[in-house]
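**Student:** Here you go, this is entry.cif (mmCIF, C-alpha atoms).
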data_query
#
loop_
_atom_site.label_atom_id
_atom_site.label_comp_id
_atom_site.auth_asym_id
_atom_site.auth_seq_id
_atom_site.Cartn_x
_atom_site.Cartn_y
_atom_site.Cartn_z
CA LEU E 1 22.80 37.80 -33.46
CA TYR E 2 19.02 37.45 -33.21
CA LEU E 3 19.23 33.83 -32.09
CA GLY E 4 21.95 34.64 -29.58
CA HIS E 5 19.80 37.40 -28.08
CA ASN E 6 16.72 35.18 -27.81
CA ALA E 7 18.47 31.96 -26.73
CA PRO E 8 17.69 32.42 -23.00
CA ARG E 9 14.04 33.06 -23.84
CA ALA E 10 13.84 29.96 -26.05
CA GLY E 11 15.54 27.86 -23.39
CA PHE E 12 13.15 29.06 -20.71
CA MET E 13 10.11 28.43 -22.90
CA THR E 14 11.40 24.92 -23.69
CA ARG E 15 11.79 24.24 -19.98
CA LEU E 16 8.23 25.42 -19.30
CA GLN E 17 6.88 23.14 -22.03
CA GLU E 18 8.88 20.14 -20.76
CA THR E 19 7.60 20.70 -17.24
CA ALA E 20 4.00 20.91 -18.45
CA VAL E 21 4.34 17.72 -20.51
CA TRP E 22 5.86 15.73 -17.63
CA ARG E 23 3.23 16.96 -15.19
CA SER E 24 0.51 15.92 -17.63
CA MET E 25 2.07 12.48 -18.08
CA ASP E 26 2.33 12.08 -14.31
CA VAL E 27 -1.34 12.92 -13.84
CA LEU E 28 -2.35 10.64 -16.71
CA LEU E 29 -0.38 7.65 -15.41
CA GLU E 30 -1.60 8.14 -11.84
CA SER E 31 -5.18 8.40 -13.08
CA LEU E 32 -4.75 5.15 -14.99
CA VAL E 33 -3.44 3.36 -11.89
CA PHE E 34 -6.30 4.69 -9.77
CA ALA E 35 -8.83 3.63 -12.39
CA LEU E 36 -7.44 0.11 -12.48
CA ILE E 37 -7.36 -0.14 -8.69
CA GLY E 38 -10.84 1.35 -8.48
CA LEU E 39 -12.10 -1.41 -10.74
CA GLN E 40 -10.56 -3.98 -8.40
CA LEU E 41 -11.82 -2.25 -5.27
CA LYS E 42 -15.42 -3.31 -5.88
CA ALA E 43 -14.39 -6.96 -5.71
CA VAL E 44 -12.13 -6.26 -2.73
CA VAL E 45 -14.83 -4.50 -0.68
CA GLY E 46 -17.22 -7.35 -1.37
CA GLY E 47 -14.64 -9.81 -0.02
CA ASP E 48 -12.93 -9.93 3.38
CA VAL E 49 -13.33 -6.26 4.33
CA THR E 50 -15.00 -5.79 7.73
CA TRP E 51 -15.25 -2.85 10.10
CA ALA E 52 -12.17 -4.20 11.86
CA VAL E 53 -10.26 -4.03 8.57
CA VAL E 54 -11.51 -0.48 7.97
CA GLY E 55 -10.36 0.51 11.49
CA ALA E 56 -6.98 -1.17 10.97
CA SER E 57 -6.60 0.64 7.65
CA VAL E 58 -7.21 3.99 9.34
CA VAL E 59 -4.60 3.10 11.98
CA VAL E 60 -2.15 2.22 9.21
CA LEU E 61 -2.91 5.58 7.56
CA VAL E 62 -2.11 7.48 10.76
CA VAL E 63 1.04 5.43 11.38
CA THR E 64 2.15 6.04 7.78
CA ILE E 65 1.84 9.80 8.22
CA LEU E 66 3.70 9.71 11.56
CA VAL E 67 6.48 7.51 10.17
CA ARG E 68 6.92 9.97 7.31
CA PHE E 69 7.61 12.72 9.85
CA ALA E 70 9.83 10.42 11.90
CA TRP E 71 11.90 9.88 8.76
CA VAL E 72 11.92 13.40 7.26
CA PHE E 73 13.15 15.31 10.31
CA PRO E 74 16.18 13.12 11.10
CA GLY E 75 16.82 12.66 7.36
CA THR E 76 17.04 16.42 7.03
CA TYR E 77 19.05 17.36 10.11
CA ILE E 78 21.40 14.41 10.79
CA PRO E 79 23.40 14.81 7.55
CA ARG E 80 23.86 18.48 8.39
CA LEU E 81 25.13 17.59 11.85
CA LEU E 82 27.60 15.09 10.45
CA SER E 83 28.88 16.99 7.41
CA LYS E 84 30.23 20.51 7.36
CA ARG E 85 30.16 20.44 3.55
CA ILE E 86 26.39 19.82 3.54
CA ARG E 87 25.85 22.57 6.12
CA THR E 88 27.88 25.00 4.01
CA ARG E 89 26.40 24.04 0.66
CA GLU E 90 22.74 23.62 1.60
CA GLY E 91 22.30 25.59 4.78
CA ASN E 92 19.90 24.72 7.55
CA PRO E 93 16.22 24.52 6.58
CA GLY E 94 13.82 25.69 9.21
CA TRP E 95 11.42 23.32 10.93
CA ARG E 96 8.52 24.89 9.05
CA SER E 97 9.93 23.90 5.67
CA VAL E 98 10.71 20.39 6.87
CA THR E 99 7.16 20.09 8.23
CA ILE E 100 5.79 21.04 4.80
CA ILE E 101 7.99 18.38 3.17
CA GLY E 102 6.75 15.82 5.68
CA TRP E 103 3.13 16.76 5.11
CA ALA E 104 3.39 16.87 1.31
CA GLY E 105 5.27 13.65 0.74
CA MET E 106 2.70 10.87 0.44
CA ARG E 107 1.14 9.63 -2.78
CA GLY E 108 1.14 5.86 -2.98
CA VAL E 109 0.64 5.00 -6.64
CA VAL E 110 3.64 2.68 -6.51
CA SER E 111 2.23 1.07 -3.36
CA LEU E 112 -1.10 0.51 -5.10
CA ALA E 113 0.60 -1.03 -8.10
CA ALA E 114 2.64 -3.32 -5.83
CA ALA E 115 -0.46 -4.38 -3.89
CA ALA E 116 -2.33 -5.07 -7.13
CA ALA E 117 0.58 -7.26 -8.27
CA ILE E 118 0.04 -9.68 -5.39
CA PRO E 119 -1.16 -12.98 -6.86
CA HIS E 120 -4.85 -13.79 -6.34
CA THR E 121 -3.89 -17.03 -4.62
CA ILE E 122 -2.23 -15.26 -1.66
CA PRO E 123 -4.49 -15.20 1.43
CA GLY E 124 -5.32 -11.68 2.63
CA ARG E 125 -4.66 -10.06 -0.75
CA ASP E 126 -7.98 -8.19 -0.61
CA VAL E 127 -7.16 -6.81 2.82
CA VAL E 128 -3.74 -5.61 1.65
CA ILE E 129 -5.23 -3.91 -1.41
CA PHE E 130 -7.97 -2.27 0.65
CA CYS E 131 -5.50 -1.06 3.29
CA THR E 132 -3.17 0.30 0.62
CA PHE E 133 -6.08 2.05 -1.07
CA VAL E 134 -7.17 3.65 2.21
CA VAL E 135 -3.63 4.88 2.91
CA THR E 136 -3.18 6.23 -0.62
CA VAL E 137 -6.55 7.95 -0.88
CA GLY E 138 -6.35 9.11 2.73
CA THR E 139 -2.98 10.78 2.24
CA LEU E 140 -4.09 12.32 -1.04
CA LEU E 141 -7.30 13.72 0.39
CA LEU E 142 -6.22 14.56 3.93
CA GLN E 143 -2.75 15.82 3.21
CA GLY E 144 -3.32 17.01 -0.35
CA LEU E 145 -6.40 19.09 0.37
CA SER E 146 -5.00 20.54 3.60
CA LEU E 147 -1.52 21.34 2.23
CA PRO E 148 -2.32 24.95 1.19
CA TRP E 149 -3.81 25.58 4.64
CA VAL E 150 -0.75 24.09 6.39
CA ILE E 151 1.59 26.22 4.25
CA ARG E 152 -0.38 29.38 5.07
CA LYS E 153 -0.53 28.55 8.79
CA LEU E 154 3.23 27.95 8.97
CA GLY E 155 3.94 31.09 6.94
CA VAL E 156 6.26 29.37 4.47
CA ARG E 157 7.07 31.27 1.30
CA GLY E 158 8.94 29.69 -1.62
CA SER E 159 11.54 31.55 -3.61
CA GLU E 160 11.80 29.16 -6.59
CA GLN E 161 8.24 29.76 -7.67
CA GLN E 162 8.72 33.50 -7.37
CA GLN E 163 11.88 33.31 -9.47
CA ASP E 164 10.09 31.23 -12.13
CA ALA E 165 7.16 33.65 -12.19
CA LEU E 166 9.55 36.60 -12.52
CA ALA E 167 11.49 34.87 -15.32
CA GLU E 168 8.26 33.99 -17.12
CA ALA E 169 7.07 37.59 -16.85
CA GLN E 170 10.39 38.81 -18.26
CA VAL E 171 10.11 36.40 -21.19
CA GLN E 172 6.58 37.55 -21.94
CA TYR E 173 7.60 41.20 -21.63
CA ARG E 174 10.36 40.96 -24.25
#
What does this structure look like when you write it as structure tokens?
**Tutor:**
Amino acid sequence: LYLGHNAPRAGFMTRLQETAVWRSMDVLLESLVFALIGLQLKAVVGGDVTWAVVGASVVVLVVTILVRFAWVFPGTYIPRLLSKRIRTREGNPGWRSVTIIGWAGMRGVVSLAAAAAIPHTIPGRDVVIFCTFVVTVGTLLLQGLSLPWVIRKLGVRGSEQQQDALAEAQVQYR
């Protein structure tokens, strides 16, 4: 009887622990990739990187952000236009929420790993790694640091986080 009464609490606490462990692993693995790329970056910057390459990398960063939006909006709304089942099941997210998804979506650790995997014998490898690094760090800093501001400006409020906070408070109360 005791275990049956506390089963939801134990399940919720297990889920909280799993989430914390996976978030920690994600941060640890991303940090490792950035450290490895950072070690290579010194050799890359000393190589073929010129102001023209820096300018091109910034252009690629801007294009990457714009392409993300060009993909997220149609990817959100076209399936809803074509499928009544999707419209019924998932509803219609507002443009503000889709904008947040578009702004929050870049990371680039996989891109950095792929760029680092290019053989040293390939011409332009340093330029590709530098450009990928600029896009990754640029999206992390520009989009990551400004995300809370964008969310506040658009007035988006999440319900999942509120439900989790309420459930956690109920577990701690019992």
**Student:** Would you write out, as a ChimeraX atom specification, every residue that the PyMOL selection byres ((chain E and resi 35-42) around 10) captures in this file?
**Tutor:** /E:29-34,43-47,109,112-113,115-116,126,129-130,133
**Student:** Expand the PyMOL selection byres ((chain E and resi 70-87) around 12) into the individual residues it matches in the shown file, reporting them as a VMD selection string.
**Tutor:** chain E and resid 63 to 69 88 to 106
**Student:** Find, counting all atoms listed in the file, the residue in E:Leu28, E:Val54, E:Leu61, E:Val110 that gets nearest to E:Gln143.
**Tutor:**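 Ranking E:Leu28, E:Val54, E:Leu61, E:Val110 by distance to E:Gln143, first place goes to E:Leu61.
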**Student:** How far is it from atom CA of E:Gly108 to atom CA of E:Thr136, in Å with one decimal?
**Tutor:**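 That distance, rounded to one decimal, is 4.9 Å.
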**Student:** Which one is closest to E:Ser57: E:Pro119, E:Gly124, E:Gly138, E:Gly144? Count only C-alpha atoms.
**Tutor:** E:Gly138
**Student:** Please, what distance in Å, to one decimal, runs between atom CA of E:Val135 and atom CA of E:Val58?
**Tutor:**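 Taking atom CA of E:Val135 and atom CA of E:Val58, their separation equals 7.4 Å.
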**Student:** Atom CA of E:Val62 and atom CA of E:Ser146, how far apart in Å?
**Tutor:** 15.2 Å
**Student:** Given all atoms listed in the file as the basis, pick out the residue of E:Thr139, E:Leu145, E:Trp22, E:Ile151 nearest to E:Val60.
**Tutor:**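 Counting all atoms listed in the file, the residue closest to E:Val60 is E:Thr139.
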**Student:** Identify which of the residues E:Ala20, E:Met25, E:Cys131, E:Ala117 lies closest to E:Ala56, counting all atoms listed in the file when measuring atom-to-atom distances.
**Tutor:**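 Answer, going by the shortest atom-to-atom distance: E:Cys131.
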